[in-house]
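Pasting structure04.tsv here (TSV, C-alpha atoms and all ligand atoms):
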chain	number	residue	atom	x	y	z
A	1	MET	CA	-42.85	30.31	-95.54
A	2	THR	CA	-46.53	31.06	-95.04
A	3	TYR	CA	-48.15	33.41	-92.55
A	4	SER	CA	-50.63	32.54	-89.79
A	5	LEU	CA	-52.86	34.78	-87.71
A	6	ALA	CA	-55.28	34.05	-84.87
A	7	ILE	CA	-57.40	36.61	-83.04
A	8	HIS	CA	-59.72	36.54	-80.03
A	9	GLY	CA	-62.38	38.83	-78.63
A	10	GLY	CA	-62.37	37.15	-75.24
A	11	ALA	CA	-63.90	34.24	-73.43
A	12	GLY	CA	-66.60	36.53	-71.99
A	13	VAL	CA	-69.12	35.40	-74.58
A	14	ILE	CA	-72.85	35.93	-74.42
A	15	SER	CA	-74.31	32.53	-73.49
A	16	ARG	CA	-75.72	30.66	-76.45
A	17	ASP	CA	-79.26	30.65	-75.04
A	18	ARG	CA	-79.18	34.45	-74.55
A	19	MET	CA	-77.39	35.35	-77.78
A	20	ALA	CA	-79.79	37.14	-80.13
A	21	GLU	CA	-79.36	36.38	-83.80
A	22	GLY	CA	-78.47	39.98	-84.57
A	23	ALA	CA	-75.83	40.09	-81.84
A	24	GLU	CA	-74.25	36.87	-83.05
A	25	ARG	CA	-74.14	38.22	-86.57
A	26	ALA	CA	-72.56	41.48	-85.35
A	27	HIS	CA	-69.85	39.65	-83.39
A	28	ARG	CA	-69.02	37.36	-86.27
A	29	ALA	CA	-68.94	40.25	-88.74
A	30	ALA	CA	-66.59	42.20	-86.47
A	31	LEU	CA	-64.28	39.19	-86.14
A	32	GLU	CA	-64.30	38.65	-89.93
A	33	ARG	CA	-63.56	42.30	-90.66
A	34	ILE	CA	-60.72	42.55	-88.14
A	35	LEU	CA	-59.24	39.20	-89.18
A	36	ALA	CA	-59.10	40.53	-92.75
A	37	GLU	CA	-57.43	43.75	-91.57
A	38	GLY	CA	-54.72	41.84	-89.75
A	39	GLU	CA	-54.29	39.37	-92.59
A	40	ALA	CA	-53.76	42.24	-95.05
A	41	VAL	CA	-50.66	43.28	-93.09
A	42	LEU	CA	-49.16	39.79	-93.31
A	43	ALA	CA	-50.20	39.27	-96.94
A	44	ALA	CA	-48.37	42.47	-97.87
A	45	GLY	CA	-45.20	41.08	-96.31
A	46	GLY	CA	-45.62	42.93	-93.02
A	47	SER	CA	-44.16	41.69	-89.75
A	48	ALA	CA	-45.95	39.63	-87.14
A	49	LEU	CA	-45.41	42.54	-84.75
A	50	ASP	CA	-47.18	45.00	-87.04
A	51	ALA	CA	-49.97	42.51	-87.71
A	52	VAL	CA	-50.79	41.91	-84.04
A	53	THR	CA	-50.56	45.65	-83.32
A	54	ALA	CA	-53.00	46.54	-86.12
A	55	THR	CA	-55.34	43.68	-85.23
A	56	VAL	CA	-55.53	44.44	-81.54
A	57	ALA	CA	-55.95	48.17	-82.22
A	58	ALA	CA	-58.92	47.32	-84.47
A	59	LEU	CA	-60.37	45.08	-81.75
A	60	GLU	CA	-59.93	47.93	-79.24
A	61	ASP	CA	-61.80	50.29	-81.56
A	62	GLU	CA	-64.73	47.84	-81.80
A	63	PRO	CA	-67.10	48.53	-78.86
A	64	LEU	CA	-68.45	44.97	-78.82
A	65	PHE	CA	-65.26	43.74	-77.17
A	66	ASN	CA	-63.86	44.51	-73.71
A	67	ALA	CA	-60.79	46.59	-74.56
A	68	GLY	CA	-60.28	50.23	-75.49
A	69	ARG	CA	-63.69	51.56	-76.56
A	70	GLY	CA	-66.25	49.41	-74.72
A	71	ALA	CA	-63.95	48.43	-71.84
A	72	VAL	CA	-65.66	47.26	-68.65
A	73	PHE	CA	-65.95	49.44	-65.53
A	74	THR	CA	-64.31	49.08	-62.13
A	75	SER	CA	-66.41	48.99	-58.95
A	76	ALA	CA	-65.83	52.74	-58.74
A	77	GLY	CA	-67.25	53.33	-62.22
A	78	ALA	CA	-63.94	54.01	-63.94
A	79	GLN	CA	-62.20	52.25	-66.84
A	80	GLU	CA	-58.66	50.97	-66.24
A	81	MET	CA	-57.00	49.29	-69.18
A	82	ASP	CA	-54.18	46.75	-69.42
A	83	ALA	CA	-52.25	45.78	-72.57
A	84	ALA	CA	-49.06	44.01	-73.61
A	85	ILE	CA	-47.12	43.20	-76.75
A	86	MET	CA	-44.21	40.80	-77.18
A	87	ASP	CA	-41.82	40.25	-80.08
A	88	GLY	CA	-40.76	36.63	-80.58
A	89	ARG	CA	-37.49	37.58	-82.28
A	90	ASP	CA	-35.79	38.64	-79.06
A	91	ARG	CA	-38.50	38.47	-76.38
A	92	ARG	CA	-38.68	42.24	-76.27
A	93	ALA	CA	-41.91	43.23	-74.55
A	94	GLY	CA	-43.87	46.33	-73.61
A	95	ALA	CA	-46.92	46.66	-71.38
A	96	VAL	CA	-49.14	49.16	-69.65
A	97	ALA	CA	-51.50	48.59	-66.73
A	98	GLY	CA	-54.40	50.49	-65.22
A	99	ILE	CA	-54.30	53.28	-67.78
A	100	PHE	CA	-57.05	55.49	-69.15
A	101	GLY	CA	-56.64	57.92	-72.03
A	102	PRO	CA	-54.76	56.50	-75.01
A	103	ARG	CA	-57.28	55.46	-77.67
A	104	ASN	CA	-55.29	52.30	-78.25
A	105	PRO	CA	-53.63	50.91	-75.12
A	106	ILE	CA	-51.81	48.38	-77.32
A	107	ARG	CA	-50.00	51.22	-79.08
A	108	ALA	CA	-49.03	52.60	-75.66
A	109	ALA	CA	-47.63	49.14	-74.79
A	110	ARG	CA	-45.67	49.12	-78.02
A	111	ALA	CA	-44.35	52.60	-77.26
A	112	VAL	CA	-43.11	51.32	-73.88
A	113	MET	CA	-41.32	48.51	-75.71
A	114	GLU	CA	-39.78	50.70	-78.39
A	115	ARG	CA	-39.18	54.00	-76.61
A	116	THR	CA	-38.10	53.02	-73.07
A	117	ASP	CA	-35.76	50.56	-71.36
A	118	HIS	CA	-38.70	49.16	-69.40
A	119	VAL	CA	-41.26	46.41	-69.90
A	120	LEU	CA	-44.29	47.29	-67.76
A	121	MET	CA	-45.42	50.82	-66.93
A	122	ILE	CA	-48.35	52.30	-65.01
A	123	GLY	CA	-49.80	55.68	-64.11
A	124	GLN	CA	-48.63	59.04	-65.34
A	125	GLY	CA	-45.31	57.61	-66.52
A	126	ALA	CA	-47.11	55.28	-68.93
A	127	LEU	CA	-49.31	58.12	-70.19
A	128	ASP	CA	-46.25	60.32	-70.71
A	129	VAL	CA	-44.71	57.65	-72.95
A	130	ALA	CA	-47.92	57.54	-75.00
A	131	ARG	CA	-48.00	61.34	-75.30
A	132	ASP	CA	-44.33	61.48	-76.29
A	133	ALA	CA	-45.15	58.97	-79.02
A	134	ALA	CA	-47.92	61.32	-80.22
A	135	LEU	CA	-50.60	58.67	-79.74
A	136	PRO	CA	-54.21	59.91	-79.84
A	137	PHE	CA	-56.04	60.27	-76.50
A	138	GLU	CA	-59.79	60.05	-75.89
A	139	GLY	CA	-62.16	60.99	-73.09
A	140	ALA	CA	-64.86	59.18	-71.13
A	141	ALA	CA	-67.55	59.74	-73.77
A	142	TYR	CA	-65.50	57.84	-76.34
A	143	PHE	CA	-64.73	54.79	-74.21
A	144	ARG	CA	-68.09	54.40	-72.44
A	145	THR	CA	-70.81	52.07	-73.74
A	146	GLU	CA	-74.21	51.72	-72.11
A	147	ALA	CA	-73.97	47.92	-72.24
A	148	ARG	CA	-70.82	47.94	-70.05
A	149	TRP	CA	-72.29	50.53	-67.72
A	150	ASP	CA	-75.45	48.45	-67.31
A	151	ALA	CA	-73.30	45.36	-66.70
A	152	LEU	CA	-71.57	47.19	-63.85
A	153	GLN	CA	-74.87	48.25	-62.28
A	154	GLU	CA	-76.21	44.70	-62.48
A	155	THR	CA	-72.98	43.27	-61.03
A	156	LEU	CA	-72.99	45.76	-58.14
A	157	ARG	CA	-76.66	44.98	-57.48
A	158	GLN	CA	-75.95	41.24	-57.41
A	159	MET	CA	-72.88	41.72	-55.19
A	160	ALA	CA	-74.93	43.72	-52.68
A	161	ALA	CA	-77.64	41.05	-52.69
A	162	GLY	CA	-75.08	38.24	-52.36
A	163	THR	CA	-76.41	36.60	-55.53
A	164	LEU	CA	-73.51	37.16	-57.91
A	165	ASP	CA	-73.70	34.77	-60.86
A	166	ASP	CA	-70.84	34.11	-63.22
A	167	ASP	CA	-72.33	35.30	-66.50
A	168	PRO	CA	-69.13	35.59	-68.55
A	169	ALA	CA	-70.48	38.28	-70.87
A	170	ARG	CA	-71.16	40.59	-67.93
A	171	ARG	CA	-68.02	39.72	-66.00
A	172	HIS	CA	-65.14	39.94	-68.39
A	173	GLY	CA	-63.61	39.77	-71.88
A	174	THR	CA	-60.34	40.70	-73.58
A	175	VAL	CA	-58.92	40.97	-77.08
A	176	GLY	CA	-55.74	39.52	-78.51
A	177	ALA	CA	-53.81	38.39	-81.55
A	178	VAL	CA	-50.92	36.06	-82.32
A	179	ALA	CA	-49.10	35.84	-85.63
A	180	ARG	CA	-46.31	34.21	-87.57
A	181	ASP	CA	-45.05	36.20	-90.53
A	182	ARG	CA	-43.50	34.97	-93.77
A	183	ASP	CA	-40.03	35.35	-92.24
A	184	GLY	CA	-41.00	32.91	-89.49
A	185	HIS	CA	-41.15	35.48	-86.71
A	186	LEU	CA	-43.78	35.32	-83.99
A	187	ALA	CA	-45.56	38.06	-82.01
A	188	ALA	CA	-48.40	38.33	-79.51
A	189	ALA	CA	-50.57	41.21	-78.29
A	190	THR	CA	-53.36	41.39	-75.70
A	191	SER	CA	-55.56	44.25	-74.45
A	192	THR	CA	-58.37	44.37	-71.90
A	193	GLY	CA	-60.55	46.41	-69.60
A	194	GLY	CA	-60.23	43.52	-67.16
A	195	MET	CA	-63.09	42.24	-65.01
A	196	THR	CA	-66.36	44.11	-64.42
A	197	ALA	CA	-66.45	45.63	-60.92
A	198	LYS	CA	-62.80	44.84	-60.29
A	199	ARG	CA	-61.25	46.83	-57.48
A	200	PRO	CA	-59.58	50.05	-58.57
A	201	GLY	CA	-55.92	49.24	-59.11
A	202	ARG	CA	-56.44	45.56	-59.89
A	203	VAL	CA	-54.23	44.29	-62.73
A	204	GLY	CA	-54.97	41.07	-64.59
A	205	ASP	CA	-52.88	38.64	-66.60
A	206	SER	CA	-53.09	40.41	-69.96
A	207	PRO	CA	-50.20	42.89	-69.46
A	208	ILE	CA	-47.93	40.36	-67.76
A	209	PRO	CA	-45.48	38.65	-70.11
A	210	GLY	CA	-45.62	34.92	-69.44
A	211	ALA	CA	-49.13	35.08	-67.95
A	212	GLY	CA	-51.58	36.47	-70.53
A	213	THR	CA	-49.12	37.36	-73.30
A	214	PHE	CA	-45.97	35.67	-74.56
A	215	ALA	CA	-43.88	35.26	-77.73
A	216	CYS	CA	-40.63	33.49	-78.51
A	217	ASP	CA	-39.62	32.48	-82.04
A	218	ALA	CA	-38.21	29.20	-80.76
A	219	THR	CA	-41.57	27.99	-79.50
A	220	CYS	CA	-44.85	29.92	-79.68
A	221	ALA	CA	-46.83	33.14	-79.36
A	222	VAL	CA	-49.78	33.18	-76.93
A	223	SER	CA	-52.60	35.56	-75.98
A	224	ALA	CA	-54.95	34.51	-73.17
A	225	THR	CA	-58.40	35.42	-71.90
A	226	GLY	CA	-60.20	34.39	-68.73
A	227	ASP	CA	-59.94	34.63	-64.96
A	228	GLY	CA	-56.73	36.61	-64.87
A	229	GLU	CA	-55.67	35.78	-61.33
A	230	VAL	CA	-55.49	32.05	-62.11
A	231	PHE	CA	-53.67	32.68	-65.40
A	232	ILE	CA	-51.08	34.71	-63.48
A	233	ARG	CA	-50.62	32.08	-60.77
A	234	TRP	CA	-50.12	29.28	-63.29
A	235	ALA	CA	-47.95	31.48	-65.59
A	236	ALA	CA	-50.26	30.19	-68.30
A	237	ALA	CA	-48.63	31.51	-71.45
A	238	HIS	CA	-45.11	30.74	-70.31
A	239	GLU	CA	-46.18	27.27	-69.24
A	240	ILE	CA	-46.91	26.46	-72.89
A	241	ASP	CA	-43.41	27.61	-73.88
A	242	ALA	CA	-41.92	25.54	-71.04
A	243	ARG	CA	-43.81	22.38	-71.96
A	244	MET	CA	-42.62	22.78	-75.56
A	245	ARG	CA	-39.03	23.74	-74.84
A	246	LEU	CA	-38.32	21.54	-71.86
A	247	GLY	CA	-40.99	18.86	-72.14
A	248	GLY	CA	-40.87	18.25	-75.88
A	249	GLN	CA	-44.60	18.76	-76.35
A	250	ASP	CA	-46.09	20.26	-79.49
A	251	CYS	CA	-47.89	23.59	-79.15
A	252	ALA	CA	-51.44	22.23	-79.38
A	253	THR	CA	-50.78	19.55	-76.74
A	254	ALA	CA	-49.23	22.10	-74.39
A	255	ALA	CA	-51.93	24.73	-74.99
A	256	HIS	CA	-54.88	22.38	-74.57
A	257	GLY	CA	-53.10	20.72	-71.64
A	258	ILE	CA	-52.78	23.88	-69.53
A	259	VAL	CA	-56.28	25.19	-70.39
A	260	MET	CA	-58.13	21.91	-69.79
A	261	GLY	CA	-55.81	20.87	-66.93
A	262	ASP	CA	-54.39	23.24	-64.32
A	263	LEU	CA	-56.41	26.31	-65.31
A	264	HIS	CA	-59.72	24.45	-65.41
A	265	ALA	CA	-58.99	22.55	-62.20
A	266	ASN	CA	-58.23	25.74	-60.31
A	267	GLY	CA	-61.15	27.92	-61.35
A	268	GLY	CA	-59.39	29.48	-64.31
A	269	SER	CA	-62.28	29.67	-66.74
A	270	GLY	CA	-61.18	30.93	-70.15
A	271	GLY	CA	-58.97	30.10	-73.08
A	272	LEU	CA	-56.15	31.26	-75.28
A	273	ILE	CA	-54.89	31.48	-78.82
A	274	ALA	CA	-51.44	30.21	-79.76
A	275	VAL	CA	-49.35	29.91	-82.91
A	276	ASP	CA	-46.13	27.91	-83.15
A	277	ARG	CA	-43.02	28.47	-85.21
A	278	ASP	CA	-44.42	26.24	-87.97
A	279	GLY	CA	-47.53	28.40	-88.16
A	280	ARG	CA	-49.88	25.90	-86.57
A	281	ILE	CA	-52.70	27.44	-84.54
A	282	ALA	CA	-54.25	26.17	-81.30
A	283	LEU	CA	-57.48	27.67	-79.88
A	284	PRO	CA	-58.30	25.91	-76.60
A	285	PHE	CA	-60.94	27.11	-74.13
A	286	ASN	CA	-62.61	25.44	-71.16
A	287	CYS	CA	-65.81	27.49	-71.09
A	288	GLU	CA	-68.86	27.90	-73.30
A	289	GLY	CA	-67.13	29.90	-75.99
A	290	MET	CA	-64.40	32.28	-77.05
A	291	TYR	CA	-64.83	34.88	-79.80
A	292	ARG	CA	-62.11	33.85	-82.23
A	293	GLY	CA	-60.83	33.87	-85.79
A	294	TRP	CA	-57.93	32.27	-87.61
A	295	THR	CA	-56.26	32.23	-90.99
A	296	ILE	CA	-53.32	30.29	-92.36
A	297	GLU	CA	-52.00	31.35	-95.75
A	298	GLY	CA	-53.28	28.85	-98.30
A	299	GLY	CA	-55.05	26.93	-95.54
A	300	PRO	CA	-58.00	27.09	-93.16
A	301	ARG	CA	-59.71	30.38	-92.38
A	302	GLY	CA	-62.76	31.12	-90.24
A	303	VAL	CA	-64.39	32.63	-87.21
A	304	ALA	CA	-66.26	30.97	-84.35
A	305	ILE	CA	-67.86	31.75	-81.02
A	306	TYR	CA	-68.92	28.50	-79.33
A	307	GLY	CA	-67.41	25.04	-79.04
A	308	PRO	CA	-66.04	22.61	-79.87
A	309	ALA	CA	-62.62	24.05	-79.10
A	310	ALA	CA	-61.07	22.47	-82.17
A	311	ASP	CA	-57.93	23.73	-83.87
A	312	PRO	CA	-57.84	24.87	-87.50
A	313	GLY	CA	-56.72	22.20	-89.88
A	314	THR	CA	-57.50	19.31	-87.54
A	315	ASP	CA	-60.00	16.60	-88.32
A	316	SER	CA	-62.44	17.66	-85.65
A	317	GLY	CA	-63.18	20.90	-87.52
A	318	THR	CA	-64.85	23.92	-85.90
A	319	ASP	CA	-68.29	25.42	-85.77
A	320	SER	CA	-67.69	27.71	-88.73
A	321	GLY	CA	-64.50	26.94	-90.61
A	322	THR	CA	-64.54	28.33	-94.10
B	401	LIG	N1	-58.00	38.02	-68.46
B	401	LIG	C1	-58.69	39.28	-68.28
B	401	LIG	C2	-58.35	39.84	-66.94
B	401	LIG	O1	-58.29	39.08	-65.99
B	401	LIG	C3	-60.17	39.17	-68.42
B	401	LIG	C4	-60.65	38.29	-69.54
B	401	LIG	O2	-59.89	37.89	-70.40
B	401	LIG	O3	-61.84	38.01	-69.61
B	401	LIG	O4	-58.20	41.02	-66.81

Mind turning the file's structure into structure tokens?
Ligand code: ASP
Amino acid sequence: MTYSLAIHGGAGVISRDRMAEGAERAHRAALERILAEGEAVLAAGGSALDAVTATVAALEDEPLFNAGRGAVFTSAGAQEMDAAIMDGRDRRAGAVAGIFGPRNPIRAARAVMERTDHVLMIGQGALDVARDAALPFEGAAYFRTEARWDALQETLRQMAAGTLDDDPARRHGTVGAVARDRDGHLAAATSTGGMTAKRPGRVGDSPIPGAGTFACDATCAVSATGDGEVFIRWAAAHEIDARMRLGGQDCATAAHGIVMGDLHANGGSGGLIAVDRDGRIALPFNCEGMYRGWTIEGGPRGVAIYGPAADPGTDSGTDSGT
């Protein structure tokens, strides 16, 4: 059996007409580097679970993306992070919401999965689990980037003036990974700072199994990005599993169907990455772009930012398949 890995850095892309050449190069280089890091885990015979953990931790460490270091700010000027991980072997899952402190929220989510009887934890209890697991903590100076702070100021200014636009790069972003390992097991992981200027205490889809994150060996692993409230209401990730399991659809049909159909029709701008039990990857999005990368052992490999939202290995190709 071969391995497959797909990663995303969110649907909150810088619009093509505003994307400077240097910034595009930096985003693509970061995606390439982190894709290679995750792939190394799978190529060495590592598990899908370890691959998505390592990949999402690397994406959190990269300040270009909205998760961990470089997370967006709430309306009160704080950073509140959400993350989830799910193991397709038995649907075990762990998640944290609204936390600040652990350098890698995804490792805190994994600690919830592995060290407690619970799935989703918040507040001091979640931080205690991370501390008990000896995970590194960081302070405000580590997580803060001027670009995210400026994005908050601009958003607050626009909100006060009643002229709020929907520039995706200023509003949101997320990171995620899905993998199938050589044993045929699936896993998914997602981490985010959420939406710029969100209310304190707001939780998005990313840490909710079945909404922004899902994995089951029988069907697929999914990590989503976009307007979290709509992804929660349409149980986006689980909907793909349901269409496959109950409706007999293949993963790509189900994934593109929910993103281009219900999500799009109901204001759910965004996309997702999915891998099925045969290692096929789907990368649908209904907006201008989604930072993304993919690799299938012995098959297609590449990174892309803008459309078309074509899947690796399909005839339609992508904007940068290698
Ligand atoms: N889905 C994330 C949230 O709602 C944001 C994003 O992916 O852009 O928190």

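The interatomic distance for the pair CA of Gly212 (chain A) and CA of Arg277 (chain A) works out to 18.8 Å.
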
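Closest approach to Thr55 (chain A) among A:Gly38, A:Pro168, A:Pro209, A:Gly299 is made by A:Gly38 (distances from all atoms listed in the file).
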
* Which residues come within 12 Å of Thr74 (chain A), counting all atoms listed in the file, excluding same-chain residues fewer than 4 positions away, as a PyMOL selection string? -> chain A and resi 78-81+98+100+148-149+151-153+155-156+171-172+193-203

* To do: Excluding Glu62 (chain A) and any residue of its chain fewer than 6 positions from it, enumerate the residues within 12 Å of it, using only C-alpha atoms, and give them as a ChimeraX atom specification.
  => /A:9,26-27,29-31,33-34,55-56,68-71,103-104,142-145,174-175

* Selection as a PyMOL selection string: residues within 6 Å of ligand LIG 401 (chain B) by all atoms listed in the file -> chain A and resi 10-12+172-174+194-195+204-206+225-228

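Taking CA of Arg245 (chain A) and CA of Cys216 (chain A) as the two end points, the separation is 10.5 Å.
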
* **Atomic separation - CA of Glu288 (chain A) relative to CA of Cys220 (chain A), Å** => 24.9 Å

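Here the question is which of A:Val275, A:Met290, A:Val72, A:Ile232 gets nearest to Leu5 (chain A) using all atoms listed in the file, and that residue is A:Val275.
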
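The residue that comes closest to Ala67 (chain A), out of A:Val129, A:Ala6, A:Gly176, A:Met86 and on the basis of only C-alpha atoms, is A:Gly176.
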
* To do: Could you check which of A:Gly268, A:Gly279, A:Gly248, A:Pro308 is closest to Val230 (chain A), using only C-alpha atoms?
  => A:Gly268

* Would you be able to write out as a PyMOL selection string which residues have an atom within 6 Å of (-44.3, 37.9, -86.0) in the file's coordinates, counting only C-alpha atoms? => chain A and resi 47-49+179-181+185-187

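Distances from A:Ala242, A:Met260, A:Ala169, A:Leu272 to Arg18 (chain A) were compared using all atoms listed in the file, and the smallest one belongs to A:Ala169.
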
* To do: Determine the nearest neighbour of Arg25 (chain A) from the options A:Tyr291, A:Ala224, A:Asn66, A:Ile258, counting all atoms listed in the file.
  => A:Tyr291

* Would you mind listing what lies within 6 Å of Val222 (chain A) as a PyMOL selection string, with all atoms listed in the file counted and same-chain residues fewer than 6 positions away left out? => chain A and resi 188+213-214+237+273-274

* To do: Up to 6 Å from (-62.4, 35.1, -91.6) in the file's coordinates: name the residues, counting all atoms listed in the file, as a PyMOL selection string.
  => chain A and resi 32+35+301-303

* **Who sits within 10 Å of Asn266 (chain A), all atoms listed in the file, same chain under 4 positions skipped, as a PyMOL selection string** => chain A and resi 230-231+233-234+261-262
